[in-house]
file protein-v7.cif (mmCIF, C-alpha atoms)
data_protein
#
loop_
_atom_site.label_atom_id
_atom_site.label_comp_id
_atom_site.auth_asym_id
_atom_site.auth_seq_id
_atom_site.Cartn_x
_atom_site.Cartn_y
_atom_site.Cartn_z
CA MET A 1 7.69 -50.12 -55.62
CA ASN A 2 9.71 -51.11 -52.59
CA VAL A 3 13.36 -51.08 -51.61
CA ARG A 4 13.58 -54.84 -52.21
CA ASP A 5 12.75 -54.30 -55.89
CA VAL A 6 15.57 -51.87 -56.58
CA MET A 7 18.33 -52.62 -54.06
CA THR A 8 21.70 -54.08 -54.99
CA THR A 9 22.08 -57.56 -53.55
CA ARG A 10 25.60 -58.17 -54.84
CA LEU A 11 27.16 -57.17 -51.56
CA ILE A 12 30.65 -55.82 -51.19
CA THR A 13 31.61 -55.49 -47.54
CA VAL A 14 34.65 -55.01 -45.36
CA THR A 15 35.49 -55.90 -41.77
CA PRO A 16 36.61 -53.44 -39.09
CA GLN A 17 40.17 -54.69 -39.64
CA THR A 18 40.29 -54.06 -43.39
CA ARG A 19 43.16 -51.71 -44.20
CA LEU A 20 42.22 -48.41 -45.79
CA LYS A 21 44.53 -48.95 -48.72
CA GLU A 22 42.77 -52.21 -49.50
CA LEU A 23 39.40 -50.54 -48.99
CA ALA A 24 40.22 -47.74 -51.42
CA GLY A 25 41.20 -50.32 -54.01
CA LEU A 26 37.86 -52.06 -53.49
CA LEU A 27 35.97 -48.84 -54.16
CA VAL A 28 37.89 -48.13 -57.34
CA ARG A 29 37.73 -51.67 -58.74
CA ASN A 30 34.02 -52.04 -58.09
CA ARG A 31 33.22 -48.47 -59.04
CA ILE A 32 31.30 -47.85 -55.84
CA GLY A 33 31.30 -44.87 -53.53
CA GLY A 34 31.18 -46.64 -50.19
CA VAL A 35 31.08 -49.97 -48.37
CA PRO A 36 29.39 -51.22 -45.20
CA VAL A 37 31.58 -52.52 -42.40
CA VAL A 38 30.13 -55.78 -41.04
CA ASP A 39 30.86 -58.33 -38.33
CA ALA A 40 30.85 -62.10 -38.85
CA GLU A 41 27.06 -62.28 -38.37
CA GLY A 42 26.32 -59.65 -40.99
CA HIS A 43 25.47 -56.88 -38.54
CA VAL A 44 26.38 -53.46 -39.89
CA LEU A 45 28.87 -51.69 -37.65
CA GLY A 46 29.55 -48.65 -39.80
CA ILE A 47 29.97 -47.39 -43.32
CA VAL A 48 33.04 -46.02 -45.09
CA SER A 49 32.63 -43.78 -48.11
CA GLU A 50 34.99 -42.00 -50.48
CA SER A 51 34.82 -38.85 -48.44
CA ASP A 52 36.12 -40.68 -45.35
CA LEU A 53 39.34 -41.43 -47.17
CA GLN A 54 41.86 -38.61 -47.05
CA PRO A 55 45.18 -38.86 -48.81
CA THR A 56 47.89 -39.62 -46.25
CA ARG A 57 51.33 -41.05 -46.24
CA GLU A 58 50.06 -44.46 -45.38
CA GLY A 59 52.65 -46.72 -43.89
CA ALA A 60 55.26 -44.03 -43.43
CA PRO A 61 57.64 -44.75 -40.53
CA GLY A 62 56.07 -44.09 -37.15
CA ARG A 63 52.54 -43.95 -38.53
CA PRO A 64 50.07 -46.65 -37.55
CA ILE A 65 48.29 -48.46 -40.34
CA ARG A 66 44.71 -47.33 -40.33
CA THR A 67 41.75 -49.66 -40.86
CA ALA A 68 38.03 -49.33 -41.58
CA GLU A 69 37.07 -49.00 -37.91
CA HIS A 70 39.17 -45.84 -37.60
CA VAL A 71 37.27 -43.88 -40.20
CA MET A 72 33.83 -45.46 -40.49
CA THR A 73 30.70 -43.43 -39.89
CA ARG A 74 28.49 -44.49 -36.98
CA PRO A 75 25.66 -44.90 -36.28
CA VAL A 76 24.55 -46.08 -39.69
CA ILE A 77 21.27 -44.96 -41.22
CA THR A 78 19.61 -48.15 -42.42
CA LEU A 79 16.53 -49.16 -44.38
CA THR A 80 14.40 -52.27 -44.58
CA GLU A 81 13.28 -54.18 -47.68
CA ASP A 82 9.65 -53.21 -47.12
CA ASP A 83 10.28 -49.47 -47.18
CA THR A 84 8.85 -47.82 -50.28
CA VAL A 85 11.18 -46.19 -52.76
CA THR A 86 9.70 -42.84 -51.74
CA GLN A 87 10.48 -43.48 -48.07
CA ALA A 88 14.03 -44.47 -48.97
CA ALA A 89 14.54 -41.30 -51.01
CA ARG A 90 13.32 -39.23 -48.08
CA VAL A 91 15.64 -40.96 -45.63
CA LEU A 92 18.69 -40.50 -47.88
CA GLN A 93 17.83 -36.86 -48.40
CA ARG A 94 17.08 -36.09 -44.75
CA HIS A 95 20.42 -37.46 -43.63
CA ARG A 96 22.25 -36.13 -46.68
CA ILE A 97 23.69 -39.50 -47.57
CA LYS A 98 24.11 -41.21 -50.92
CA ARG A 99 23.70 -44.82 -49.85
CA GLY A 100 22.26 -46.94 -47.09
CA PRO A 101 22.44 -50.59 -46.01
CA VAL A 102 19.19 -52.57 -46.23
CA LEU A 103 18.51 -54.88 -43.29
CA ARG A 104 16.30 -57.91 -42.70
CA GLN A 105 15.93 -58.64 -39.01
CA GLY A 106 19.07 -56.70 -38.31
CA VAL A 107 21.19 -58.47 -40.93
CA LEU A 108 22.56 -56.87 -44.10
CA VAL A 109 20.76 -58.09 -47.24
CA GLY A 110 21.34 -55.26 -49.70
CA MET A 111 22.50 -51.74 -50.38
CA ILE A 112 20.56 -48.88 -51.83
CA THR A 113 22.01 -45.82 -53.55
CA ARG A 114 20.48 -42.75 -55.12
CA GLY A 115 21.03 -44.33 -58.51
CA ASP A 116 19.02 -47.42 -57.53
CA LEU A 117 16.03 -45.23 -56.74
CA LEU A 118 15.90 -44.27 -60.40
CA ARG A 119 15.58 -47.85 -61.60
CA PRO A 120 11.90 -47.58 -62.54
CA TYR A 121 13.14 -45.68 -65.60
CA LEU A 122 14.92 -48.80 -66.82
CA ARG A 123 11.66 -50.69 -67.30
CA THR A 124 11.06 -51.95 -70.82
CA ASP A 125 8.21 -50.76 -72.98
CA SER A 126 6.50 -54.14 -72.80
CA GLU A 127 6.64 -54.20 -69.00
CA ILE A 128 5.22 -50.70 -68.91
CA ARG A 129 2.50 -51.61 -71.39
CA ALA A 130 1.41 -54.63 -69.35
CA ASP A 131 1.11 -52.43 -66.26
CA VAL A 132 -0.80 -49.69 -68.07
CA GLU A 133 -3.26 -52.23 -69.46
CA GLU A 134 -3.74 -53.85 -66.07
CA SER A 135 -4.26 -50.46 -64.54
CA LEU A 136 -6.77 -49.28 -67.13
CA PHE A 137 -8.76 -52.44 -67.73
CA GLY A 138 -8.20 -54.39 -64.51
CA ASP A 139 -9.20 -51.81 -61.95
CA SER A 140 -12.55 -51.03 -63.43
CA ILE A 141 -13.03 -47.41 -64.34
CA GLY A 142 -15.62 -48.62 -66.82
CA LEU A 143 -13.17 -48.71 -69.70
CA VAL A 144 -13.82 -51.35 -72.38
CA ALA A 145 -10.61 -53.21 -73.25
CA GLY A 146 -11.33 -53.55 -76.97
CA ARG A 147 -12.06 -49.86 -77.42
CA VAL A 148 -8.80 -48.37 -76.22
CA ASP A 149 -5.45 -49.27 -77.71
CA VAL A 150 -2.29 -48.91 -75.60
CA ARG A 151 1.13 -48.54 -77.15
CA VAL A 152 4.41 -47.70 -75.45
CA GLU A 153 7.45 -46.31 -77.23
CA GLY A 154 10.51 -45.28 -75.30
CA GLY A 155 8.48 -44.91 -72.10
CA VAL A 156 5.86 -42.71 -73.79
CA VAL A 157 2.33 -44.13 -73.69
CA LEU A 158 0.11 -43.61 -76.72
CA LEU A 159 -3.60 -43.97 -75.98
CA LYS A 160 -6.00 -44.31 -78.88
CA GLY A 161 -9.68 -45.22 -78.95
CA LEU A 162 -13.04 -44.38 -77.46
CA VAL A 163 -14.01 -43.32 -73.97
CA ASP A 164 -17.47 -42.55 -72.56
CA GLY A 165 -16.88 -38.99 -71.47
CA PRO A 166 -14.41 -36.36 -70.30
CA ARG A 167 -14.20 -37.74 -66.76
CA GLN A 168 -13.31 -41.19 -67.99
CA ARG A 169 -10.79 -39.63 -70.32
CA ALA A 170 -9.10 -37.69 -67.51
CA LEU A 171 -8.99 -40.84 -65.36
CA THR A 172 -7.55 -42.93 -68.17
CA VAL A 173 -4.74 -40.46 -68.83
CA ARG A 174 -4.01 -40.03 -65.14
CA LEU A 175 -3.85 -43.77 -64.47
CA ALA A 176 -1.52 -44.30 -67.43
CA ARG A 177 0.68 -41.35 -66.44
CA THR A 178 1.27 -42.68 -62.94
CA VAL A 179 2.44 -46.16 -63.94
CA GLU A 180 6.07 -46.62 -62.95
CA GLY A 181 8.53 -45.85 -65.74
CA VAL A 182 6.09 -43.80 -67.84
CA ILE A 183 7.62 -40.52 -68.96
CA ASP A 184 4.67 -39.03 -70.83
CA VAL A 185 1.22 -39.81 -72.21
CA VAL A 186 -0.02 -38.90 -75.67
CA ASP A 187 -3.80 -38.60 -75.46
CA ASP A 188 -5.31 -39.55 -78.80
CA LEU A 189 -8.64 -40.58 -77.26
CA ASP A 190 -12.06 -39.64 -78.60
CA VAL A 191 -15.21 -39.21 -76.58
CA ALA A 192 -17.96 -41.53 -77.87
CA MET B 1 17.56 -28.42 -62.85
CA THR B 2 20.29 -26.45 -61.14
CA PRO B 3 21.19 -23.21 -62.94
CA THR B 4 24.70 -23.39 -64.36
CA VAL B 5 27.16 -21.77 -62.00
CA VAL B 6 30.40 -23.06 -63.36
CA VAL B 7 31.40 -23.39 -67.02
CA GLY B 8 34.69 -23.71 -68.86
CA HIS B 9 35.86 -22.62 -72.29
CA GLU B 10 37.75 -24.67 -74.85
CA ASP B 11 41.07 -23.15 -73.82
CA THR B 12 40.52 -23.45 -70.06
CA PRO B 13 43.60 -25.19 -68.60
CA PHE B 14 43.29 -28.59 -66.98
CA LYS B 15 44.29 -27.32 -63.57
CA GLU B 16 41.63 -24.69 -63.56
CA LEU B 17 39.01 -27.29 -64.42
CA VAL B 18 40.12 -29.41 -61.48
CA ARG B 19 39.99 -26.39 -59.21
CA SER B 20 36.49 -25.35 -60.33
CA MET B 21 35.16 -28.83 -59.75
CA ALA B 22 36.59 -29.00 -56.26
CA GLU B 23 35.49 -25.48 -55.38
CA HIS B 24 31.90 -25.90 -56.54
CA ARG B 25 31.71 -29.55 -55.50
CA VAL B 26 30.58 -30.71 -58.93
CA SER B 27 31.79 -33.70 -60.92
CA GLY B 28 31.33 -32.19 -64.36
CA VAL B 29 31.92 -28.83 -66.05
CA PRO B 30 30.13 -27.85 -69.27
CA VAL B 31 32.35 -26.26 -71.90
CA VAL B 32 30.80 -23.37 -73.82
CA SER B 33 31.78 -21.30 -76.84
CA THR B 34 32.19 -17.52 -76.60
CA GLU B 35 28.51 -17.22 -77.62
CA GLY B 36 27.51 -19.41 -74.71
CA ARG B 37 26.73 -22.49 -76.81
CA LEU B 38 27.46 -25.89 -75.32
CA VAL B 39 30.35 -27.55 -77.16
CA GLY B 40 31.38 -30.26 -74.71
CA ILE B 41 31.60 -31.42 -71.14
CA VAL B 42 34.54 -32.33 -68.92
CA THR B 43 33.92 -34.80 -66.12
CA GLU B 44 36.08 -36.25 -63.36
CA ALA B 45 36.49 -39.33 -65.50
CA ASP B 46 37.86 -37.22 -68.37
CA LEU B 47 40.38 -35.58 -66.04
CA LEU B 48 41.64 -38.92 -64.87
CA ARG B 49 41.81 -40.30 -68.37
CA VAL B 50 44.65 -37.86 -68.89
CA GLU B 51 46.81 -40.47 -67.29
CA ALA B 52 45.82 -42.92 -70.03
CA HIS B 53 44.32 -45.40 -67.67
CA GLU B 54 42.44 -48.26 -69.25
CA GLN B 55 39.56 -47.81 -66.89
CA PRO B 56 39.27 -44.31 -65.52
CA PRO B 57 38.85 -44.41 -61.74
CA ARG B 58 35.76 -42.76 -60.44
CA ASN B 59 37.17 -40.52 -57.80
CA LEU B 60 40.28 -38.44 -57.79
CA LEU B 61 40.51 -38.50 -54.04
CA VAL B 62 40.44 -42.26 -53.77
CA GLU B 63 43.03 -42.55 -56.50
CA LEU B 64 45.33 -40.16 -54.71
CA PHE B 65 44.91 -42.14 -51.56
CA ILE B 66 46.29 -45.15 -53.35
CA ASP B 67 49.36 -43.39 -54.67
CA ARG B 68 50.14 -39.82 -53.91
CA ARG B 69 52.97 -39.60 -56.39
CA ARG B 70 50.44 -39.64 -59.17
CA LEU B 71 49.28 -36.19 -58.21
CA GLU B 72 52.64 -34.83 -59.29
CA GLU B 73 52.48 -36.90 -62.43
CA ILE B 74 49.09 -35.46 -63.30
CA GLU B 75 50.26 -31.94 -62.61
CA ARG B 76 53.29 -32.35 -64.83
CA LEU B 77 51.16 -33.68 -67.67
CA ALA B 78 48.46 -31.16 -67.07
CA ASP B 79 50.37 -28.01 -67.85
CA ASP B 80 49.68 -28.16 -71.57
CA ILE B 81 46.27 -29.75 -71.48
CA ARG B 82 43.17 -27.68 -72.06
CA ALA B 83 39.46 -28.42 -71.99
CA ARG B 84 39.28 -29.01 -75.75
CA ASP B 85 41.79 -31.86 -75.49
CA ILE B 86 39.87 -33.93 -73.02
CA MET B 87 36.21 -32.92 -73.21
CA THR B 88 33.45 -35.19 -74.43
CA ARG B 89 31.98 -33.54 -77.53
CA ASP B 90 28.95 -35.74 -78.00
CA VAL B 91 26.97 -34.39 -75.07
CA VAL B 92 23.61 -35.90 -74.16
CA THR B 93 21.29 -32.98 -73.39
CA VAL B 94 17.65 -32.22 -72.65
CA ALA B 95 15.39 -29.30 -73.57
CA PRO B 96 14.02 -27.14 -70.73
CA ASP B 97 10.36 -27.91 -71.48
CA ARG B 98 10.67 -31.72 -71.35
CA PRO B 99 9.21 -33.69 -68.43
CA ILE B 100 11.61 -34.51 -65.61
CA ASP B 101 10.86 -38.20 -66.16
CA GLU B 102 12.23 -37.92 -69.68
CA ALA B 103 15.45 -36.43 -68.37
CA ALA B 104 15.67 -39.26 -65.83
CA ARG B 105 15.15 -41.94 -68.44
CA ARG B 106 17.69 -40.42 -70.80
CA MET B 107 20.28 -40.15 -68.05
CA ILE B 108 19.84 -43.74 -66.96
CA HIS B 109 19.79 -45.18 -70.46
CA GLU B 110 22.78 -43.18 -71.67
CA GLY B 111 24.68 -43.95 -68.49
CA VAL B 112 25.49 -40.32 -67.69
CA LYS B 113 25.32 -38.71 -64.28
CA ARG B 114 24.33 -35.25 -65.44
CA LEU B 115 22.37 -33.74 -68.29
CA PRO B 116 22.97 -30.17 -69.50
CA VAL B 117 19.73 -28.33 -70.23
CA VAL B 118 20.04 -26.38 -73.49
CA ASP B 119 17.64 -24.14 -75.38
CA GLU B 120 16.92 -24.24 -79.12
CA GLU B 121 20.02 -22.20 -79.92
CA GLY B 122 22.22 -24.61 -78.00
CA ARG B 123 22.81 -22.22 -75.11
CA ILE B 124 23.21 -23.84 -71.73
CA LEU B 125 20.62 -23.00 -69.08
CA GLY B 126 21.44 -25.44 -66.34
CA ILE B 127 22.23 -29.00 -65.41
CA VAL B 128 20.01 -31.83 -64.24
CA SER B 129 21.80 -34.09 -61.79
CA ARG B 130 20.74 -37.27 -60.07
CA ARG B 131 19.92 -35.27 -57.00
CA ASP B 132 17.44 -33.21 -59.03
CA LEU B 133 15.75 -36.38 -60.23
CA LEU B 134 14.90 -37.37 -56.70
CA ARG B 135 12.92 -34.20 -56.14
CA PRO B 136 9.56 -35.75 -57.04
CA PHE B 137 10.06 -38.13 -54.11
CA LEU B 138 10.76 -35.25 -51.77
CA ARG B 139 7.79 -32.98 -52.37
CA SER B 140 6.40 -31.02 -49.47
CA ASP B 141 3.13 -31.97 -47.79
CA GLN B 142 1.66 -28.78 -49.15
CA GLU B 143 2.53 -29.62 -52.77
CA ILE B 144 1.15 -33.13 -52.39
CA ARG B 145 -2.07 -31.82 -50.88
CA ARG B 146 -2.51 -29.26 -53.65
CA GLU B 147 -2.08 -31.92 -56.31
CA ILE B 148 -4.63 -34.23 -54.66
CA GLU B 149 -7.20 -31.50 -54.06
CA GLU B 150 -6.93 -29.79 -57.42
CA ASP B 151 -5.57 -32.25 -59.96
CA LEU B 152 -7.19 -35.40 -58.58
CA VAL B 153 -10.38 -34.56 -56.70
CA ILE B 154 -11.58 -31.75 -58.94
CA ASN B 155 -9.98 -32.12 -62.36
CA THR B 156 -9.69 -35.90 -62.66
CA MET B 157 -12.41 -37.36 -60.46
CA TRP B 158 -14.87 -34.48 -60.75
CA ILE B 159 -15.81 -34.77 -57.10
CA ASP B 160 -17.30 -31.81 -55.26
CA PRO B 161 -14.23 -30.49 -53.39
CA GLY B 162 -16.38 -29.90 -50.27
CA ALA B 163 -17.13 -33.63 -50.04
CA VAL B 164 -13.57 -34.81 -49.39
CA THR B 165 -11.06 -33.57 -46.82
CA VAL B 166 -7.40 -34.12 -47.59
CA ALA B 167 -4.68 -33.95 -44.94
CA VAL B 168 -0.99 -34.74 -45.55
CA ARG B 169 1.63 -35.27 -42.88
CA ALA B 170 5.19 -36.37 -43.62
CA GLY B 171 4.03 -37.73 -46.95
CA VAL B 172 1.16 -39.76 -45.44
CA VAL B 173 -2.25 -38.81 -46.82
CA SER B 174 -5.53 -39.02 -44.87
CA LEU B 175 -8.76 -38.95 -46.83
CA ARG B 176 -12.10 -38.23 -45.14
CA GLY B 177 -15.58 -37.56 -46.39
CA THR B 178 -18.41 -39.15 -48.32
CA VAL B 179 -18.65 -39.80 -52.05
CA ASP B 180 -21.46 -41.25 -54.13
CA LEU B 181 -20.04 -44.55 -55.28
CA LYS B 182 -17.81 -47.18 -53.81
CA SER B 183 -15.81 -47.29 -57.06
CA THR B 184 -15.13 -43.55 -56.81
CA ALA B 185 -13.68 -44.01 -53.32
CA GLN B 186 -11.52 -46.90 -54.49
CA ILE B 187 -10.19 -45.16 -57.58
CA LEU B 188 -9.40 -42.02 -55.61
CA GLU B 189 -7.46 -44.07 -53.05
CA GLU B 190 -5.48 -45.75 -55.81
CA LEU B 191 -4.67 -42.46 -57.53
CA VAL B 192 -3.63 -40.86 -54.24
CA ARG B 193 -1.25 -43.72 -53.55
CA ARG B 194 0.41 -43.05 -56.92
CA VAL B 195 0.97 -39.32 -56.45
CA PRO B 196 4.74 -38.66 -56.44
CA GLY B 197 6.02 -38.10 -52.93
CA VAL B 198 3.22 -40.01 -51.20
CA VAL B 199 4.61 -42.44 -48.65
CA GLY B 200 1.27 -43.99 -47.69
CA ALA B 201 -2.43 -43.28 -47.44
CA GLU B 202 -5.18 -43.79 -44.89
CA SER B 203 -8.71 -43.69 -46.16
CA GLU B 204 -11.87 -43.15 -44.17
CA LEU B 205 -13.92 -42.38 -47.23
CA ARG B 206 -17.57 -43.42 -47.07
CA TYR B 207 -19.91 -44.00 -49.99
CA ARG B 208 -23.65 -43.90 -50.50
CA ASN B 209 -24.02 -46.69 -53.07
CA ASP B 210 -22.07 -49.88 -53.58
CA ASP B 211 -21.64 -50.24 -57.33
CA ARG B 212 -19.22 -53.15 -56.89
CA LYS B 213 -21.03 -56.27 -55.80
CA VAL B 214 -19.29 -58.71 -53.47
CA GLY B 215 -17.42 -61.42 -55.29
CA THR B 216 -16.99 -59.73 -58.66
CA GLY B 217 -13.27 -59.10 -58.44
CA PRO B 218 -10.26 -58.39 -56.33
CA LEU B 219 -11.56 -54.96 -55.40
CA ALA B 220 -14.96 -56.18 -54.28
CA GLU B 221 -14.12 -56.12 -50.56
CA PRO B 222 -13.98 -52.77 -48.84
CA ARG B 223 -10.43 -51.73 -48.05
CA TRP B 224 -10.75 -49.55 -45.03
CA GLY B 225 -7.83 -48.26 -43.09
CA LEU B 226 -4.25 -48.41 -44.18
CA ILE B 227 -3.77 -48.98 -47.89
CA GLU B 228 -0.03 -48.55 -48.18
CA ASN B 229 2.95 -48.96 -45.93
CA GLN B 230 2.83 -46.62 -43.04
CA VAL B 231 5.89 -44.65 -41.99
CA ARG B 232 7.74 -46.33 -39.21
#
call {"tool": "encode", "arguments": {"input": "protein-v7.cif", "output": "structure tokens"}}
result
Amino acid sequence: MNVRDVMTTRLITVTPQTRLKELAGLLVRNRIGGVPVVDAEGHVLGIVSESDLQPTREGAPGRPIRTAEHVMTRPVITLTEDDTVTQAARVLQRHRIKRGPVLRQGVLVGMITRGDLLRPYLRTDSEIRADVEESLFGDSIGLVAGRVDVRVEGGVVLLKGLVDGPRQRALTVRLARTVEGVIDVVDDLDVA
Amino acid sequence: MTPTVVVGHEDTPFKELVRSMAEHRVSGVPVVSTEGRLVGIVTEADLLRVEAHEQPPRNLLVELFIDRRRLEEIERLADDIRARDIMTRDVVTVAPDRPIDEAARRMIHEGVKRLPVVDEEGRILGIVSRRDLLRPFLRSDQEIRREIEEDLVINTMWIDPGAVTVAVRAGVVSLRGTVDLKSTAQILEELVRRVPGVVGAESELRYRNDDRKVGTGPLAEPRWGLIENQVR
């Protein structure tokens, strides 16, 4: 699974001139923790997150009005659509950040957050089942489609039927277990 | 999970809850009875709901940025409020022996950001947070290599461990050696690619017999070299 499959494409952005008060309102209304700061061509100049916003007496006499460019973090750690979800998780962790802009040829096309990386768990049972079946019967490990029944309930795969031997059994369980979104496998297989 | 470091009791005052959250940099505090049983949880959202907002804002700091006067308002209201008045009583939890994937699924489906881990008696042992869920992606090269060598090569594929050499660097796996069948090499490559934490895999596996004739399916052609995205 790649970044393109899980990223948010509904983009909320600000410009360097966006006032911080307006920016804070944007975060609250959209229930997001940070926004990328972009220029007119969609190039990412920086990122502003909750932690960059400190309570101040905004607009008090003698105080300049601050905007996104005053507080944004630079340089920005970015990802590309083709990065795998695992790579993305590693990048976020290494830089201790919670979100990153996703670029295509240098232009912003999406955002990825820690929460997005957990999207495989939102897959439906029927999607999971289709993948398990493709994995078991498509990529030949010598399993006969009619002899093994695959059911998925709440992300748990139930395998029932006949396999040729213990090695095939171990392979069947392993392949099912590693399909995205699977949380457990119940092995009800019998060796023929 | 992260072992529980900060808990509240039903009569813990609002202000103390706010302070504990800030001090320990957490966004939720489990509330326990005197016997240590989980009875509720107070989150940032619950604290902000004190102000009777229709939609609780997600971050105290951002809210304060918008209007500082509300801090005083909250403090005034907060004097009489205790954990029991604002906590969520219907807590979604997970047992310590359940797979991490189950915790992840539950968290996502229930729309919660944290999951207290409780034993059979309802005592709290720790908390699973989103950060914890990302751990499978962040496994060390050593852990990945151990899983491939032991769980895959020996226990799943039943290959003589001397026949295959596994090296892992920054999540990228290199496989070398010679196995009996072409299908064995292909299945091993596929399983390696699916091991949690693996970023990519390079295979230089050789085989003695081709049990997959050309033109019988999508896997008929040899797939030497890079089989997944390589790290940039």
call {"tool": "atom_distance", "arguments": {"input": "protein-v7.cif", "atom1": "CA of Val3 (chain A)", "atom2": "CA of Leu136 (chain A)"}}
result
25.5 Å
call {"tool": "resolve_selection", "arguments": {"input": "protein-v7.cif", "expression": "the PyMOL selection byres ((chain A and resi 37) around 6)", "output": "MDAnalysis selection string"}}
result
chainID A and resid 13:15 36 38 44:47
call {"tool": "residues_near_point", "arguments": {"input": "protein-v7.cif", "point": "(-3.2, -46.3, -77.7)", "cutoff": "10 Å", "atoms": "only C-alpha atoms", "output": "PyMOL selection string"}}
result
chain A and resi 147-152+157-161+185-189
call {"tool": "atom_distance", "arguments": {"input": "protein-v7.cif", "atom1": "CA of Glu127 (chain A)", "atom2": "CA of Asp184 (chain A)"}}
result
15.4 Å
call {"tool": "resolve_selection", "arguments": {"input": "protein-v7.cif", "expression": "the PyMOL selection byres ((chain A) within 7 of (chain B))", "output": "list in words"}}
result
Lys21, Ala24, Val28, Arg31, Glu50, Leu53, Gln54, Pro55, Thr56, Thr86, Gln87, Ala89, Arg90, Tyr121, Arg167, Ala170, Leu171, Thr178 and Ile183 of chain A
call {"tool": "resolve_selection", "arguments": {"input": "protein-v7.cif", "expression": "the PyMOL selection byres ((chain A and resi 17) around 9)", "output": "list in words"}}
result
Val14, Thr15, Pro16, Thr18, Arg19, Arg66, Thr67, Ala68 and Glu69 of chain A
call {"tool": "atom_distance", "arguments": {"input": "protein-v7.cif", "atom1": "CA of Gly8 (chain B)", "atom2": "CA of Glu120 (chain B)"}}
result
20.5 Å
call {"tool": "closest_residue", "arguments": {"input": "protein-v7.cif", "among": "B:Met1, B:Met21, B:Val32, B:Ala201", "to": "Pro96 (chain B)", "atoms": "only C-alpha atoms"}}
result
B:Met1
call {"tool": "closest_residue", "arguments": {"input": "protein-v7.cif", "among": "B:Glu189, B:Glu147, B:Asp141, B:Asp46", "to": "Val172 (chain B)", "atoms": "all atoms listed in the file"}}
result
B:Asp141
call {"tool": "closest_residue", "arguments": {"input": "protein-v7.cif", "among": "A:Gly100, A:Gly142, A:Gly154, A:Gly106", "to": "Gln168 (chain A)", "atoms": "all atoms listed in the file"}}
result
A:Gly142
call {"tool": "closest_residue", "arguments": {"input": "protein-v7.cif", "among": "A:Asp5, A:Thr113, A:Ser51, A:Ile141", "to": "Ala185 (chain B)", "atoms": "only C-alpha atoms"}}
result
A:Ile141
call {"tool": "closest_residue", "arguments": {"input": "protein-v7.cif", "among": "A:Glu153, A:Asp116, A:Val182, A:Asp190", "to": "Pro166 (chain A)", "atoms": "only C-alpha atoms"}}
result
A:Asp190
call {"tool": "residues_around", "arguments": {"input": "protein-v7.cif", "residues": "Ile97 (chain A)", "least_positions_apart": "3", "cutoff": "9 Å", "atoms": "all atoms listed in the file", "output": "list in words"}}
result
Ile77, Val91, Leu92, Gln93, Arg94, Gly100, Thr113 and Arg114 of chain A
call {"tool": "residues_near_point", "arguments": {"input": "protein-v7.cif", "point": "(30.7, -24.5, -61.6)", "cutoff": "9 Å", "atoms": "only C-alpha atoms", "output": "list in words"}}
result
Thr4, Val5, Val6, Val7, Gly8, Ser20, Met21, Glu23, His24, Arg25, Val26, Gly28, Val29 and Pro30 of chain B
call {"tool": "write_last_selection", "arguments": {"input": "protein-v7.cif", "atoms": "C-alpha atoms", "output": "short mmCIF file (atom, residue, chain, number, x, y, z; two decimals), in the frame of the given file"}}
result
data_model
loop_
_atom_site.label_atom_id
_atom_site.label_comp_id
_atom_site.auth_asym_id
_atom_site.auth_seq_id
_atom_site.Cartn_x
_atom_site.Cartn_y
_atom_site.Cartn_z
CA THR B 4 24.70 -23.39 -64.36
CA VAL B 5 27.16 -21.77 -62.00
CA VAL B 6 30.40 -23.06 -63.36
CA VAL B 7 31.40 -23.39 -67.02
CA GLY B 8 34.69 -23.71 -68.86
CA SER B 20 36.49 -25.35 -60.33
CA MET B 21 35.16 -28.83 -59.75
CA GLU B 23 35.49 -25.48 -55.38
CA HIS B 24 31.90 -25.90 -56.54
CA ARG B 25 31.71 -29.55 -55.50
CA VAL B 26 30.58 -30.71 -58.93
CA GLY B 28 31.33 -32.19 -64.36
CA VAL B 29 31.92 -28.83 -66.05
CA PRO B 30 30.13 -27.85 -69.27
#
